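Enquirer: Take a look at the following structure, please.
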Amino acid sequence: MGILMTEAPPRVPFRVGFFIVPDFPMLAFTAAIEALRVANWVSGRTLYEWVLISEDGGPVIPSSSIAMHPHAAMSDAGGLPIVFFCAGVGGSKYVNRRVFAWLRRLARNKVTLGSIGTGTYALARAGLLKGYRCTLHWEEIERFSREFPDLLLTTNLFEVDRDRMTCPGGTASLDMMFFLIQKQHGRDLAWDTAEELLQHGVRSARDPQRMSLQFRTRVTDPRLLVVIEAMENNVEDPLSLQRLCEISGLSLRHLQRRFRQVLGRSPKSFYRQLRLQSARKMLMHGTRSILDVAVANGFVSGSHFARRYSAEYGRRPREDRAPQP
């Protein structure tokens with residue numbers, strides 16, 4: 001049973017550990033700490049303290065290249081009821097048996113374990129997410145699912161499952177900390193903390209990571225939104241223009257005119273661009289071969305895909321290929 005499942009009030013100050021590795025995401029990390037700091041300020045009490053941890057206690061360079069100086073090495077970081085593993089773009093390749101063994105010792109000692117950003121990979125590789133819901137950034141879903149097909153992965157904003165807490169990074173770490181504050185000290189403090197941080201509310205764990213289609217595309221015409229949604233849901237087997245017309249209830253001429261008026265492209269060109277964007281994300285965050293990526297996004301051959309990709313991005317697909325672990 002983790003700290004979030006107990007009815008007893010937390011010991012104050014409640015000490016939160018953050019284990020950091022090179023290239024960890026500065027925004028997500030500082031957002032989490034700021035939520036705790038502001039909760040202290042709003043309450044007028046030192047409810048939370050935070051401890052920065054690295055493998056050897058030495059400085060760690062985050063994504064912003066501003067060196068961070070931890071308070072302790074992992075061997076000296078005892079007495080913490082909760083520890084978050086913070087990792088960024090390199091988290092998908094992070095393997096450190098010594099650190100994984102330390103995480104397992106924490107779990108055996110009933111420490112609640114969490115992740116920020118791609119830190120979810122570390123918890124999974126340490127064998128600490130079996131039977132738990134977990135999440136991470138939507139761009140990492142394909143790669144993570146291929147490595148851990150049996151884990152209970154979601155695309156939620158964050159996940160809290162007994163003594164595990166995971167979030168995809170970005171501002172989602174704020175909401176995960178608001179959840180912690182609310183669980184330990186009540187809704188009023190969580191919402192007052194959010195207001196001080198100029199947040200227009202506290203998002204729930206079940207909120208989606210991505211913006212709505214309307215906000216992402218800045219399209220308000222519901223008929224076009226229906227077509228774009230159908231395109232996004234059918235990248236491997238692209239729909240015909242006739243089928244898109246049926247879905248939208250528009251004639252081909254009207255559909256083409258509205259696409260050019262609103263999006264500056266024909267439906268065919270927009271659909272191809274959307275599939276290329278999907279392919280680029282797979283290349284940068286996945287493990288599939290370039291040919292598999294091409295087929296998964298509706299291109300008839302690797303050479304056809306390469307030509308279209310180069311025309312769109314000015315470089316070849318292999319130049320955007322993610323380094324393989």
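Here's how to read the names in the structure tokens: chain A, B, ... by the order shown, residue numbers from 1 in each chain, ligand numbers from 1 in the order shown.
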Counting only C-alpha atoms, which residues in stretch 77-183 of chain A sit no more than 10 Å from stretch 280-304 of chain A? For each one, give the nearest pair of atoms and the distance in Å, sorted by chain then residue number, as CSV.

Expert:
```
residue,atom,partner,partner_atom,distance
A:Val89,CA,A:His285,CA,9.2
A:Ser92,CA,A:His285,CA,8.7
A:Trp138,CA,A:His285,CA,9.9
A:Glu139,CA,A:His285,CA,6.4
A:Glu140,CA,A:His285,CA,5.8
A:Ile141,CA,A:Gly286,CA,8.5
A:Glu142,CA,A:Gly286,CA,6.1
A:Arg143,CA,A:Gly286,CA,4.5
A:Phe144,CA,A:Gly286,CA,8.3
A:Ser145,CA,A:Gly286,CA,9.8
A:Arg146,CA,A:Thr287,CA,8.2
A:Glu147,CA,A:Thr287,CA,9.3
```

Enquirer: Would you list, as a VMD selection string, the residues of stretch 81-300 of chain A that end up in alpha helix (DSSP H) under DSSP run on this structure's backbone?

Expert: chain A and resid 97 to 108 119 to 125 141 to 147 172 to 185 187 to 196 213 to 217 222 to 232 241 to 248 252 to 263 267 to 285 290 to 296

Enquirer: According to DSSP computed on the backbone, where in stretch 108-201 of chain A is there strand (DSSP E or B)? Give the residues as a list in words.

Expert: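 Answer for stretch 108-201 of chain A restricted to strand (DSSP E or B) is Thr112, Leu113, Gly114, Ser115, Ile116, Gly117, Arg133, Cys134, Thr135, Leu152, Leu153, Thr154, Asn156, Glu159, Val160, Asp161, Arg164, Met165, Thr166 and Cys167 of chain A.
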
Enquirer: Would you mind listing what lies within 7 Å of A:Phe18 as a list in words, with only C-alpha atoms counted and same-chain residues fewer than 5 positions away left out?

Expert: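 Answer for this query is Val51, Leu52, Ile53, Val83, Phe84, Phe85 and Cys86 of chain A.
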
Enquirer: Would you put the residues from that selection into a file with N, CA, C and O atoms, as a PDB file, in the first residue's frame?

Expert:
```
ATOM      1  N   VAL A  51      14.190  16.774  -2.656  1.00  0.00           N
ATOM      2  CA  VAL A  51      15.582  16.318  -2.655  1.00  0.00           C
ATOM      3  C   VAL A  51      15.938  15.891  -4.065  1.00  0.00           C
ATOM      4  O   VAL A  51      15.274  15.022  -4.642  1.00  0.00           O
ATOM      5  N   LEU A  52      16.976  16.501  -4.639  1.00  0.00           N
ATOM      6  CA  LEU A  52      17.465  16.128  -5.966  1.00  0.00           C
ATOM      7  C   LEU A  52      18.512  15.039  -5.809  1.00  0.00           C
ATOM      8  O   LEU A  52      19.430  15.165  -4.993  1.00  0.00           O
ATOM      9  N   ILE A  53      18.376  14.002  -6.618  1.00  0.00           N
ATOM     10  CA  ILE A  53      19.244  12.830  -6.503  1.00  0.00           C
ATOM     11  C   ILE A  53      19.823  12.498  -7.872  1.00  0.00           C
ATOM     12  O   ILE A  53      19.128  12.567  -8.884  1.00  0.00           O
ATOM     13  N   VAL A  83       9.660   8.898  -4.663  1.00  0.00           N
ATOM     14  CA  VAL A  83      10.757   9.288  -5.551  1.00  0.00           C
ATOM     15  C   VAL A  83      10.251   9.263  -6.993  1.00  0.00           C
ATOM     16  O   VAL A  83       9.638   8.275  -7.417  1.00  0.00           O
ATOM     17  N   PHE A  84      10.504  10.351  -7.723  1.00  0.00           N
ATOM     18  CA  PHE A  84      10.149  10.444  -9.133  1.00  0.00           C
ATOM     19  C   PHE A  84      11.408  10.330  -9.988  1.00  0.00           C
ATOM     20  O   PHE A  84      12.400  11.027  -9.739  1.00  0.00           O
ATOM     21  N   PHE A  85      11.345   9.474 -11.003  1.00  0.00           N
ATOM     22  CA  PHE A  85      12.444   9.328 -11.954  1.00  0.00           C
ATOM     23  C   PHE A  85      12.165  10.282 -13.112  1.00  0.00           C
ATOM     24  O   PHE A  85      11.174  10.148 -13.809  1.00  0.00           O
ATOM     25  N   CYS A  86      13.069  11.250 -13.330  1.00  0.00           N
ATOM     26  CA  CYS A  86      12.874  12.287 -14.348  1.00  0.00           C
ATOM     27  C   CYS A  86      13.799  12.026 -15.532  1.00  0.00           C
ATOM     28  O   CYS A  86      15.028  12.011 -15.376  1.00  0.00           O
TER      29      CYS A  86
END
```

Enquirer: For each of A:Ala311, A:Ile20, A:Leu224, A:Glu232, take the minimum atom-to-atom distance to A:Ser278, counting only C-alpha atoms, then give the residue where this is smallest.

Expert: A:Glu232

Enquirer: With 12 Å as the cut-off and only C-alpha atoms counted, what is the closest atom pair between each nearby residue of stretch 5-50 of chain A and stretch 69-73 of chain A? Distances in Å to one decimal, ordered by chain and number, as a Markdown table.

Expert:
```
| residue | atom | partner | partner_atom | distance |
| --- | --- | --- | --- | --- |
| A:Gly17 | CA | A:His71 | CA | 9.9 |
| A:Phe18 | CA | A:Pro70 | CA | 9.1 |
| A:Phe19 | CA | A:Pro70 | CA | 8.7 |
| A:Ile20 | CA | A:Pro70 | CA | 8.3 |
| A:Val21 | CA | A:Pro70 | CA | 10.6 |
| A:Pro22 | CA | A:His69 | CA | 11.9 |
| A:Glu49 | CA | A:His71 | CA | 11.8 |
| A:Trp50 | CA | A:His71 | CA | 9.3 |
```

Enquirer: Please save C-alpha atoms of the selected residues as a compact mmCIF listing (two decimals), in the first residue's frame.

Expert:
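Once written, again27.txt looks like this:
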```
# COMPACT_ATOMS: atom_id res chain seq x y z
CA GLY A 17 12.75 12.84 -4.17
CA PHE A 18 13.55 13.62 -7.80
CA PHE A 19 16.08 11.32 -9.47
CA ILE A 20 17.56 13.12 -12.48
CA VAL A 21 19.53 11.82 -15.46
CA PRO A 22 21.21 13.70 -18.34
CA GLU A 49 10.60 19.55 0.87
CA TRP A 50 12.35 18.20 -2.21
```
